[in-house]
file query32.cif (mmCIF, C-alpha atoms)
data_entry
loop_
_atom_site.label_atom_id
_atom_site.label_comp_id
_atom_site.auth_asym_id
_atom_site.auth_seq_id
_atom_site.Cartn_x
_atom_site.Cartn_y
_atom_site.Cartn_z
CA MET A 1439 54.96 132.94 81.88
CA GLN A 1440 57.48 135.74 81.40
CA PHE A 1441 57.17 139.55 81.74
CA VAL A 1442 54.04 139.15 83.86
CA GLU A 1443 52.20 142.32 84.83
CA LYS A 1444 49.11 142.07 87.00
CA ALA A 1445 47.00 144.77 88.62
CA LEU A 1446 43.42 144.91 89.84
CA TRP A 1447 41.23 146.64 87.28
CA ILE A 1448 37.56 146.26 88.31
CA GLU A 1449 37.39 144.92 91.86
CA ARG A 1450 33.67 144.18 91.92
CA PHE A 1451 33.91 141.57 89.12
CA ASN A 1452 37.46 140.42 89.91
CA ILE A 1453 38.79 141.72 86.59
CA HIS A 1454 42.56 142.20 86.39
CA TYR A 1455 44.91 143.96 84.02
CA HIS A 1456 46.92 140.76 83.58
CA LEU A 1457 49.56 140.50 80.86
CA GLY A 1458 52.33 137.99 80.18
CA LEU A 1459 54.23 136.16 77.47
CA ASP A 1460 54.78 132.47 76.93
CA GLY A 1461 56.26 130.40 74.11
CA LEU A 1462 53.19 131.00 71.93
CA SER A 1463 52.67 134.74 72.26
CA PHE A 1464 56.40 135.50 72.30
CA TRP A 1465 56.64 135.20 68.50
CA PHE A 1466 53.78 137.55 67.67
CA VAL A 1467 54.66 140.55 69.83
CA PRO A 1468 57.99 141.23 68.01
CA LEU A 1469 56.30 140.53 64.67
CA THR A 1470 53.63 143.13 65.46
CA ALA A 1471 56.22 145.74 66.44
CA PHE A 1472 58.35 145.06 63.36
CA ILE A 1473 55.46 145.24 60.88
CA THR A 1474 54.20 148.47 62.48
CA VAL A 1475 57.58 150.18 62.05
CA ILE A 1476 57.83 149.04 58.42
CA VAL A 1477 54.29 150.26 57.67
CA VAL A 1478 54.98 153.68 59.20
CA ILE A 1479 58.15 154.05 57.14
CA SER A 1480 56.40 152.91 53.94
CA SER A 1481 53.61 155.48 54.47
CA TRP A 1482 55.99 158.37 55.06
CA ALA A 1483 55.54 159.88 51.60
CA SER A 1484 52.38 158.19 50.28
CA ILE A 1485 50.02 159.56 52.97
CA THR A 1486 49.58 163.33 52.63
CA GLU A 1487 46.22 163.96 54.36
CA ARG A 1488 45.68 163.76 58.12
CA VAL A 1489 49.12 162.26 58.58
CA ASN A 1490 49.10 162.61 62.37
CA GLN A 1491 45.77 160.79 62.66
CA TYR A 1492 46.96 158.06 60.29
CA MET A 1493 50.13 157.39 62.28
CA GLY A 1494 48.21 157.60 65.55
CA ALA A 1495 45.67 155.03 64.37
CA PHE A 1496 48.45 152.58 63.51
CA LEU A 1497 50.22 153.08 66.84
CA ILE A 1498 46.96 152.51 68.73
CA LEU A 1499 46.25 149.45 66.60
CA SER A 1500 49.73 148.09 67.31
CA GLY A 1501 49.25 148.47 71.06
CA LEU A 1502 45.87 146.74 70.95
CA MET A 1503 47.22 143.80 68.94
CA VAL A 1504 50.10 143.38 71.39
CA GLY A 1505 47.46 143.38 74.13
CA VAL A 1506 45.57 140.56 72.41
CA PHE A 1507 48.70 138.40 72.23
CA SER A 1508 49.73 139.05 75.83
CA ALA A 1509 46.38 139.21 77.72
CA LEU A 1510 45.91 136.58 80.44
CA ASP A 1511 42.53 137.87 81.63
CA GLY A 1512 39.55 136.70 79.58
CA LEU A 1513 37.62 139.96 79.62
CA LEU A 1514 40.78 141.97 78.97
CA PHE A 1515 41.43 139.76 75.94
CA TYR A 1516 37.92 140.42 74.67
CA VAL A 1517 38.32 144.20 75.09
CA PHE A 1518 41.60 144.19 73.17
CA PHE A 1519 40.21 141.78 70.55
CA GLU A 1520 37.19 143.97 69.80
CA ALA A 1521 39.01 147.29 70.14
CA THR A 1522 41.30 146.42 67.22
CA LEU A 1523 38.27 146.92 64.95
CA ILE A 1524 38.05 150.65 65.68
CA PRO A 1525 41.41 151.92 64.35
CA MET A 1526 41.31 149.54 61.37
CA TYR A 1527 37.76 150.69 60.59
CA LEU A 1528 38.98 154.30 60.57
CA ILE A 1529 42.05 153.47 58.48
CA ILE A 1530 39.91 151.82 55.82
CA GLY A 1531 37.06 154.35 55.95
CA ILE A 1532 39.23 157.51 55.80
CA TRP A 1533 42.31 156.60 53.75
CA GLY A 1534 40.85 153.76 51.67
CA GLY A 1535 39.77 153.53 48.03
CA PRO A 1536 36.61 154.74 46.29
CA ASN A 1537 34.42 152.02 47.84
CA ARG A 1538 35.97 152.35 51.30
CA ILE A 1539 32.75 152.95 53.24
CA TYR A 1540 31.23 149.68 52.06
CA ALA A 1541 34.41 147.77 52.81
CA ALA A 1542 34.79 149.34 56.26
CA PHE A 1543 31.22 148.52 57.27
CA LYS A 1544 31.54 144.97 55.95
CA PHE A 1545 34.74 144.42 57.89
CA PHE A 1546 33.26 145.87 61.09
CA LEU A 1547 29.94 144.00 60.95
CA TYR A 1548 31.43 140.60 60.05
CA THR A 1549 33.95 140.61 62.87
CA LEU A 1550 31.69 142.25 65.47
CA LEU A 1551 28.73 139.91 64.96
CA GLY A 1552 30.99 136.89 65.07
CA SER A 1553 32.36 137.96 68.46
CA LEU A 1554 29.04 138.33 70.28
CA LEU A 1555 28.82 134.61 71.04
CA THR A 1556 32.38 134.77 72.38
CA LEU A 1557 31.28 137.28 75.02
CA ILE A 1558 28.55 134.86 76.14
CA ALA A 1559 31.12 132.05 76.38
CA ILE A 1560 33.46 134.28 78.44
CA ILE A 1561 30.67 135.11 80.89
CA TYR A 1562 29.80 131.40 81.20
CA LEU A 1563 33.43 130.48 81.90
CA TYR A 1564 33.60 133.29 84.49
CA ASN A 1565 30.72 131.74 86.41
CA ALA A 1566 32.05 128.19 85.96
CA ALA A 1567 35.44 129.24 87.40
CA GLY A 1568 33.84 130.69 90.53
CA GLY A 1569 34.10 134.33 89.51
CA SER A 1570 37.48 134.41 87.79
CA PHE A 1571 38.47 135.70 84.37
CA ASP A 1572 41.95 134.14 84.57
CA ILE A 1573 42.61 132.26 81.31
CA LEU A 1574 45.04 129.80 82.92
CA THR A 1575 42.33 128.89 85.43
CA TRP A 1576 39.88 128.29 82.59
CA HIS A 1577 42.30 125.77 81.09
CA LYS A 1578 41.82 123.55 84.16
CA LEU A 1579 38.01 123.64 84.26
CA PRO A 1580 36.38 120.14 84.17
CA LEU A 1581 33.61 121.01 81.70
CA GLY A 1582 31.11 118.40 80.53
CA HIS A 1583 30.49 117.36 76.94
CA LEU A 1584 27.63 119.76 76.16
CA PRO A 1585 29.27 122.84 77.77
CA GLN A 1586 32.50 122.12 75.89
CA THR A 1587 30.64 121.86 72.60
CA LEU A 1588 28.77 125.13 73.13
CA VAL A 1589 31.92 126.95 74.24
CA PHE A 1590 33.87 125.57 71.29
CA PHE A 1591 31.33 126.81 68.73
CA ALA A 1592 30.98 130.16 70.51
CA PHE A 1593 34.72 130.75 70.13
CA LEU A 1594 34.65 129.32 66.60
CA ALA A 1595 32.12 131.98 65.54
CA ALA A 1596 34.64 134.74 66.31
CA PHE A 1597 37.93 133.10 65.40
CA ALA A 1598 36.72 131.60 62.09
CA VAL A 1599 35.70 135.08 60.87
CA LYS A 1600 39.00 136.56 61.99
CA VAL A 1601 41.26 133.93 60.32
CA PRO A 1602 39.16 133.94 58.00
CA MET A 1603 37.96 130.41 57.27
CA PHE A 1604 35.70 129.25 54.48
CA PRO A 1605 32.84 130.21 54.02
CA VAL A 1606 33.08 133.42 56.12
CA HIS A 1607 36.07 134.72 54.16
CA THR A 1608 34.22 136.92 51.67
CA TRP A 1609 34.90 140.16 53.58
CA LEU A 1610 38.68 139.88 53.19
CA PRO A 1611 39.09 140.55 49.40
CA ASP A 1612 36.82 143.60 49.51
CA VAL A 1613 38.66 145.04 52.51
CA HIS A 1614 42.11 144.43 51.00
CA VAL A 1615 41.15 146.09 47.72
CA GLU A 1616 39.86 149.25 49.39
CA ALA A 1617 42.31 149.52 52.29
CA PRO A 1618 45.47 151.65 51.96
CA THR A 1619 48.77 149.85 51.57
CA GLY A 1620 49.65 150.04 55.25
CA GLY A 1621 46.22 148.79 56.29
CA SER A 1622 46.42 145.81 53.94
CA ALA A 1623 49.90 144.93 55.21
CA VAL A 1624 48.89 145.00 58.89
CA LEU A 1625 45.62 143.20 58.21
CA ALA A 1626 47.32 140.33 56.38
CA ALA A 1627 50.47 140.12 58.49
CA ILE A 1628 49.01 140.49 62.01
CA MET A 1629 45.23 140.74 62.30
CA LEU A 1630 44.52 137.46 60.53
CA LYS A 1631 46.73 135.76 63.12
CA LEU A 1632 44.47 136.87 65.98
CA GLY A 1633 41.89 134.22 65.10
CA ALA A 1634 44.43 131.41 64.78
CA TYR A 1635 46.01 132.50 68.07
CA GLY A 1636 42.57 132.32 69.69
CA PHE A 1637 42.21 128.67 68.68
CA LEU A 1638 45.42 127.80 70.52
CA ARG A 1639 44.73 130.01 73.55
CA PHE A 1640 41.02 129.32 74.07
CA SER A 1641 39.26 126.72 71.93
CA MET A 1642 41.65 123.80 72.16
CA PRO A 1643 42.80 124.06 75.83
CA ILE A 1644 39.39 124.95 77.32
CA ALA A 1645 37.29 122.51 75.24
CA PRO A 1646 39.73 119.74 74.24
CA ASP A 1647 37.13 116.97 73.89
CA ALA A 1648 34.84 119.09 71.72
CA ALA A 1649 37.81 120.22 69.63
CA ARG A 1650 38.73 116.60 68.90
CA GLU A 1651 35.12 115.64 68.22
CA TRP A 1652 34.61 118.45 65.71
CA ALA A 1653 38.10 118.41 64.25
CA TRP A 1654 36.72 116.81 61.08
CA LEU A 1655 34.66 119.96 60.45
CA ILE A 1656 37.65 122.29 60.83
CA ILE A 1657 39.84 120.03 58.69
CA THR A 1658 37.18 119.90 55.96
CA LEU A 1659 36.77 123.68 55.90
CA SER A 1660 40.54 124.10 55.89
CA LEU A 1661 40.96 121.78 52.92
CA ILE A 1662 38.23 123.63 51.03
CA ALA A 1663 40.04 126.90 51.75
CA VAL A 1664 43.34 125.48 50.53
CA ILE A 1665 41.99 123.96 47.31
CA TYR A 1666 38.92 125.95 46.28
CA VAL A 1667 40.05 129.40 47.42
CA GLY A 1668 43.50 128.67 45.98
CA VAL A 1669 41.94 128.03 42.58
CA VAL A 1670 39.91 131.24 42.92
CA ALA A 1671 43.16 133.10 43.56
CA LEU A 1672 44.61 131.78 40.31
CA VAL A 1673 42.09 133.57 38.13
CA GLN A 1674 42.23 137.00 39.78
CA LYS A 1675 43.30 139.96 37.63
CA ASP A 1676 43.57 142.38 40.55
CA MET A 1677 46.88 141.92 42.37
CA LYS A 1678 45.44 142.73 45.79
CA LYS A 1679 42.60 140.26 45.37
CA LEU A 1680 45.07 137.60 44.32
CA VAL A 1681 47.10 138.04 47.51
CA ALA A 1682 43.92 138.26 49.62
CA TYR A 1683 42.58 134.93 48.35
CA SER A 1684 45.99 133.32 48.66
CA SER A 1685 46.09 134.48 52.30
CA VAL A 1686 42.86 132.58 52.97
CA ALA A 1687 44.42 129.47 51.44
CA HIS A 1688 47.62 129.87 53.46
CA MET A 1689 45.70 130.31 56.71
CA GLY A 1690 43.86 127.12 55.80
CA PHE A 1691 47.19 125.32 56.22
CA VAL A 1692 47.44 126.85 59.71
CA THR A 1693 44.07 125.62 60.98
CA LEU A 1694 44.67 122.28 59.27
CA GLY A 1695 47.91 121.84 61.19
CA PHE A 1696 46.32 122.82 64.52
CA PHE A 1697 43.48 120.32 64.35
CA VAL A 1698 45.50 117.24 63.44
CA PHE A 1699 46.41 117.28 67.16
CA ASN A 1700 50.11 116.53 67.19
CA ASP A 1701 53.16 118.58 68.08
CA LEU A 1702 54.41 118.58 64.51
CA GLY A 1703 51.16 120.04 63.14
CA VAL A 1704 50.92 122.76 65.78
CA SER A 1705 54.58 123.73 65.36
CA GLY A 1706 54.12 123.84 61.59
CA GLY A 1707 51.01 125.99 61.94
CA ILE A 1708 52.84 128.52 64.12
CA ALA A 1709 55.79 128.58 61.72
CA GLN A 1710 53.36 129.13 58.84
CA MET A 1711 51.76 132.05 60.68
CA ILE A 1712 55.10 133.76 61.27
CA ALA A 1713 56.31 133.16 57.72
CA HIS A 1714 53.02 134.32 56.24
CA GLY A 1715 53.18 137.46 58.37
CA PHE A 1716 56.48 138.49 56.77
CA VAL A 1717 55.66 137.36 53.23
CA SER A 1718 52.12 138.74 52.96
CA GLY A 1719 53.12 142.07 54.48
CA ALA A 1720 56.01 142.37 52.02
CA MET A 1721 53.71 141.43 49.15
CA PHE A 1722 51.22 144.21 49.91
CA LEU A 1723 54.03 146.73 50.33
CA CYS A 1724 55.36 145.76 46.90
CA ILE A 1725 51.90 146.20 45.42
CA GLY A 1726 51.72 149.63 47.06
CA VAL A 1727 54.99 150.66 45.43
CA LEU A 1728 53.63 149.69 42.00
CA TYR A 1729 50.27 151.32 42.61
CA ASP A 1730 51.89 154.64 43.58
CA ARG A 1731 53.66 154.71 40.21
CA VAL A 1732 51.19 153.00 37.84
CA HIS A 1733 47.89 153.87 39.59
CA SER A 1734 46.52 150.44 38.80
CA ARG A 1735 46.33 147.08 40.54
CA GLN A 1736 45.64 145.14 37.35
CA ILE A 1737 48.37 142.58 36.68
CA ALA A 1738 48.10 143.27 32.95
CA ASP A 1739 49.24 146.87 33.50
CA TYR A 1740 52.56 145.93 35.11
CA GLY A 1741 54.32 145.12 31.85
CA GLY A 1742 57.96 146.08 31.44
CA VAL A 1743 58.55 147.12 35.05
CA VAL A 1744 61.81 145.17 35.12
CA ASN A 1745 63.30 147.51 32.52
CA VAL A 1746 63.01 150.58 34.76
CA MET A 1747 63.00 148.95 38.22
CA PRO A 1748 65.29 145.88 38.02
CA LYS A 1749 66.16 145.69 41.73
CA PHE A 1750 62.54 146.06 42.76
CA SER A 1751 61.55 143.35 40.28
CA ARG A 1752 64.04 140.96 41.87
CA LEU A 1753 62.56 141.73 45.28
CA CYS A 1754 59.04 141.09 43.94
CA ALA A 1755 60.17 137.78 42.44
CA ALA A 1756 61.62 136.70 45.78
CA VAL A 1757 58.44 137.65 47.65
CA LEU A 1758 56.24 135.93 45.04
CA HIS A 1759 58.34 132.80 45.38
CA GLY A 1760 57.68 132.74 49.10
CA GLN A 1761 54.00 133.55 48.58
CA LEU A 1762 53.41 130.76 46.06
CA ARG A 1763 55.38 127.96 47.68
CA PRO A 1764 54.48 127.93 51.37
CA ALA A 1765 54.93 124.22 51.95
CA ARG A 1766 58.50 123.85 50.78
CA HIS A 1767 59.70 127.09 52.35
CA ARG A 1768 58.31 126.07 55.75
CA ARG A 1769 60.09 122.73 55.81
CA LEU A 1770 61.48 123.53 59.23
CA ARG A 1771 58.32 121.93 60.63
CA GLY A 1772 59.60 118.58 59.37
CA ARG A 1773 63.04 119.01 60.93
CA VAL A 1774 62.46 116.65 63.83
CA ASP A 1775 65.45 114.33 63.91
CA GLY A 1776 64.69 110.99 65.41
CA HIS A 1777 60.92 111.31 64.95
CA PRO A 1778 59.51 107.89 63.97
CA ARG A 1779 57.63 109.43 61.02
CA PHE A 1780 60.38 111.81 59.94
CA ARG A 1781 60.73 110.32 56.46
CA GLU A 1782 56.97 110.19 55.91
CA VAL A 1783 56.62 113.84 56.94
CA GLN A 1784 59.49 114.88 54.68
CA LEU A 1785 58.00 112.97 51.73
CA LEU A 1786 54.53 114.46 52.31
CA ASP A 1787 56.04 117.93 52.70
CA TRP A 1788 58.06 117.53 49.47
CA ARG A 1789 54.99 116.41 47.52
CA ALA A 1790 52.89 119.23 48.94
CA GLY A 1791 55.56 121.74 48.04
CA ARG A 1792 55.89 120.37 44.51
CA LEU A 1793 52.12 120.33 43.92
CA GLY A 1794 51.38 123.68 45.59
CA GLY A 1795 54.33 125.37 43.96
CA ASP A 1796 53.57 124.12 40.48
CA LEU A 1797 49.87 124.94 40.70
CA GLY A 1798 50.76 128.39 42.01
CA ARG A 1799 53.42 128.98 39.40
CA GLY A 1800 50.83 128.19 36.74
CA LEU A 1801 50.06 131.90 36.71
CA LEU A 1802 53.71 132.90 36.37
CA PRO A 1803 54.27 132.26 32.65
CA VAL A 1804 51.49 134.65 31.63
CA ASP A 1805 51.13 137.18 34.41
CA VAL A 1806 54.60 137.49 35.90
CA GLN A 1807 57.36 135.83 33.93
CA ALA A 1808 56.28 137.29 30.58
CA ARG A 1809 56.15 140.77 32.13
CA LEU A 1810 58.53 141.32 35.02
CA PRO A 1811 61.57 139.44 33.68
CA GLY A 1812 60.72 139.99 30.01
CA ARG A 1813 63.35 140.22 27.30
CA SER A 1814 64.98 143.60 26.82
CA ASP A 1815 63.78 143.68 23.22
CA GLN A 1816 60.15 142.94 24.08
CA ARG A 1817 57.65 145.76 24.37
CA PRO A 1818 55.51 145.81 27.49
CA CYS A 1819 52.10 144.18 27.15
CA GLU A 1820 52.87 143.00 23.59
CA VAL A 1821 53.89 139.57 22.32
CA HIS A 1822 54.02 137.92 18.91
CA ALA A 1823 51.02 135.93 17.77
CA GLY A 1824 53.04 132.70 17.71
CA HIS A 1825 54.95 133.44 20.89
CA GLN A 1826 55.63 130.47 23.17
CA TRP A 1827 55.20 131.26 26.84
CA PRO A 1828 58.52 131.29 28.72
CA ARG A 1829 59.30 128.03 30.47
CA VAL A 1830 59.95 127.92 34.19
CA PRO A 1831 63.53 126.78 34.91
CA GLY A 1832 63.44 123.09 35.73
CA ALA A 1833 60.10 122.51 34.01
CA GLU A 1834 61.63 119.85 31.81
CA HIS A 1835 62.31 117.66 34.82
CA PRO A 1836 59.75 114.92 35.56
CA GLY A 1837 57.39 115.03 38.50
CA GLY A 1838 54.53 117.10 39.88
CA CYS A 1839 52.45 119.25 37.60
CA ARG A 1840 55.34 120.97 35.81
CA ALA A 1841 54.38 119.52 32.44
CA VAL A 1842 50.93 121.09 32.41
CA HIS A 1843 51.28 124.30 34.40
CA GLY A 1844 51.67 126.41 31.25
CA ALA A 1845 48.53 124.96 29.68
CA VAL A 1846 46.56 125.52 32.88
CA SER A 1847 47.67 129.14 33.12
CA GLN A 1848 46.78 129.83 29.48
CA ALA A 1849 43.31 128.38 30.04
CA LEU A 1850 42.70 130.46 33.18
CA HIS A 1851 44.16 133.78 32.13
CA ARG A 1852 43.62 136.32 29.41
CA ARG A 1853 46.47 136.53 26.93
CA ASP A 1854 48.32 139.73 26.11
CA ARG A 1855 47.34 141.88 23.17
CA PRO A 1856 48.87 140.97 19.80
CA VAL A 1857 51.28 143.33 18.11
CA GLY A 1858 49.44 146.18 16.39
CA ALA A 1859 46.48 146.19 18.74
CA ALA A 1860 45.41 149.42 20.38
CA PRO A 1861 47.27 149.99 23.66
CA ALA A 1862 45.36 149.99 26.93
CA PRO A 1863 44.30 153.47 28.07
CA ALA A 1864 46.54 154.90 30.76
CA ARG A 1865 44.96 155.07 34.20
CA GLY A 1866 47.04 158.01 35.32
CA PRO A 1867 49.83 160.38 34.33
CA VAL A 1868 52.48 158.24 36.02
CA GLN A 1869 51.42 155.14 34.09
CA ALA A 1870 51.35 157.10 30.85
CA SER A 1871 54.86 158.42 31.42
CA LEU A 1872 56.08 154.94 32.32
CA LYS A 1873 54.69 153.41 29.13
CA THR A 1874 56.01 156.32 27.05
CA ARG A 1875 59.46 155.88 28.50
CA LEU A 1876 59.39 152.12 27.92
CA ASN A 1877 58.22 152.49 24.32
CA ARG A 1878 60.93 155.08 23.67
CA GLU A 1879 63.72 153.00 25.18
CA ILE A 1880 62.71 149.64 23.68
CA PRO A 1881 62.90 149.41 19.85
CA ASN A 1882 60.20 147.72 17.85
CA ASP A 1883 60.71 144.04 16.99
#

call {"tool": "encode", "arguments": {"input": "query32.cif", "output": "structure tokens"}}
result
Amino acid sequence: MQFVEKALWIERFNIHYHLGLDGLSFWFVPLTAFITVIVVISSWASITERVNQYMGAFLILSGLMVGVFSALDGLLFYVFFEATLIPMYLIIGIWGGPNRIYAAFKFFLYTLLGSLLTLIAIIYLYNAAGGSFDILTWHKLPLGHLPQTLVFFAFLAAFAVKVPMFPVHTWLPDVHVEAPTGGSAVLAAIMLKLGAYGFLRFSMPIAPDAAREWAWLIITLSLIAVIYVGVVALVQKDMKKLVAYSSVAHMGFVTLGFFVFNDLGVSGGIAQMIAHGFVSGAMFLCIGVLYDRVHSRQIADYGGVVNVMPKFSRLCAAVLHGQLRPARHRRLRGRVDGHPRFREVQLLDWRAGRLGGDLGRGLLPVDVQARLPGRSDQRPCEVHAGHQWPRVPGAEHPGGCRAVHGAVSQALHRRDRPVGAAPAPARGPVQASLKTRLNREIPND
């Protein structure tokens, strides 16, 4: 442990203010600080009401999340873990969308109820350790089969909701849709990682036998999250919901890697968490930029943005590429020279990247490629009746699902309006001015 700080907090129950960093928590403390700074800067002009309270809530939330990643006392971890709900609840409930009260209550109740069993498990471990809340001492406890199983499921109830895992993931899309841009970025980039961190800090070291016995359950739920929730993400028309569902699928890769019980899987899961923290946060910030100007989260309303914001469109394309192809961009987890299964891992990783990328890019020809990088002579949200959807570069090469991704996307998504159809009503003055400017600058075909 590095940067250890320990002081007696509550003497009667032997509770200490005990903090420290190791190789696991070291990665998440700088990530938390970095995302917080970016969120504060991004909210500088968009938040105009109760600015001091908004910034204060984010700073408090940042300190609490750093406390979760660095706590070495069990009860102190629980206090930090639960206290993160309060500032996020206020951020959603005060600065959120029209349905913010419902989303805030749903977020609070889901995560709070899931953590009650964790408190019972912490009290049991305190008694089993002879009156100690030290997490490193809990790792050495010789628990029997039944106690390990009960402790494992008690921690699972809290961490599965926080990740979130299927089927307790339904709160995340509603919260992302109603939360402000900064709240969505912090929630996706940092707060989802608290549950996955808990698996590595508590569930697997304290109850290793139960974790191996019930690994099939976690792996099954993770695969359902990757496949089923990924397909649900493909058909979303709201950009925030699309990223929210894709976050559930990406975190499914994390829990899947943890519970295969090898160094390669755990290292890959941690790398996925860090990469997803940067990519998902950037994705929500990009959506916030578009929403501030268009006042809509509907993908169909983002037509022609590349004509007035070319640099921003390139940034969005780069972030989308990282969001849609997690497996191939995280290939560092297969960089283990000399590993006896190095070639097998690389082959599996390449196939996963090809399949995941092509299934994900199935939505690009309709929803992104035909709009963001559209031709300069094409009007936004309008295409010819016989128009062929743009081909992804490299689609003519054999392999994967490249030959059918366009057909899949056309079957799952609504097509654009034909030429001559009535334009969509503007959802705000900024969107109306944007469409007027685009129609004036782009001549008719």

call {"tool": "residues_around", "arguments": {"input": "query32.cif", "residues": "segment 1448-1456 of chain A", "least_positions_apart": "3", "cutoff": "6 Å", "atoms": "all atoms listed in the file", "output": "ChimeraX atom specification"}}
result
/A:1443-1445,1510-1511

call {"tool": "closest_residue", "arguments": {"input": "query32.cif", "among": "A:Val1599, A:Ala1617, A:Ala1495, A:Leu1469", "to": "Ala1541 of chain A", "atoms": "all atoms listed in the file"}}
result
A:Ala1617

call {"tool": "closest_residue", "arguments": {"input": "query32.cif", "among": "A:Val1613, A:Ala1720, A:Val1475, A:Val1686", "to": "Tyr1540 of chain A", "atoms": "all atoms listed in the file"}}
result
A:Val1613

call {"tool": "resolve_selection", "arguments": {"input": "query32.cif", "expression": "the PyMOL selection byres ((chain A and resi 1650-1667) around 9)", "output": "ChimeraX atom specification"}}
result
/A:1587,1603-1605,1642,1645-1649,1668-1672,1683-1684,1686-1695,1697-1699

call {"tool": "residues_around", "arguments": {"input": "query32.cif", "residues": "Pro1525 of chain A", "least_positions_apart": "3", "cutoff": "10 Å", "atoms": "all atoms listed in the file", "output": "list in words"}}
result
Tyr1492, Gly1494, Ala1495, Phe1496, Leu1497, Ile1498, Leu1499, Ser1500, Leu1502, Ala1521, Thr1522, Leu1528, Ile1529, Ile1530, Gly1531 and Gly1621 of chain A

call {"tool": "resolve_selection", "arguments": {"input": "query32.cif", "expression": "the PyMOL selection byres ((chain A and resi 1573) around 10)", "output": "MDAnalysis selection string"}}
result
chainID A and resid 1456 1509:1513 1515 1560 1563:1564 1567 1570:1572 1574:1578 1639:1640 1643:1644

call {"tool": "atom_distance", "arguments": {"input": "query32.cif", "atom1": "atom CA of Gly1719 of chain A", "atom2": "atom CA of Ala1623 of chain A"}}
result
4.4 Å

call {"tool": "resolve_selection", "arguments": {"input": "query32.cif", "expression": "the PyMOL selection byres ((chain A and resi 1481) around 12)", "output": "PyMOL selection string"}}
result
chain A and resi 1474-1480+1482-1487+1489-1490+1492-1493+1496+1533+1618-1621+1623+1723+1726-1727+1730

call {"tool": "atom_distance", "arguments": {"input": "query32.cif", "atom1": "atom CA of Val1467 of chain A", "atom2": "atom CA of Leu1594 of chain A"}}
result
23.2 Å

call {"tool": "atom_distance", "arguments": {"input": "query32.cif", "atom1": "atom CA of Gly1742 of chain A", "atom2": "atom CA of Lys1679 of chain A"}}
result
21.5 Å

call {"tool": "axis_aligned_box", "arguments": {"input": "query32.cif", "around": "segment 1445-1448 of chain A", "padding_each_side": "4 Å", "output": "JSON"}}
result
{"center_x": 42.3, "center_y": 145.7, "center_z": 88.6, "size_x": 17.4, "size_y": 9.9, "size_z": 10.6}

call {"tool": "closest_residue", "arguments": {"input": "query32.cif", "among": "A:Val1442, A:Leu1630, A:Gln1674, A:Asp1460", "to": "Ala1738 of chain A", "atoms": "only C-alpha atoms"}}
result
A:Gln1674
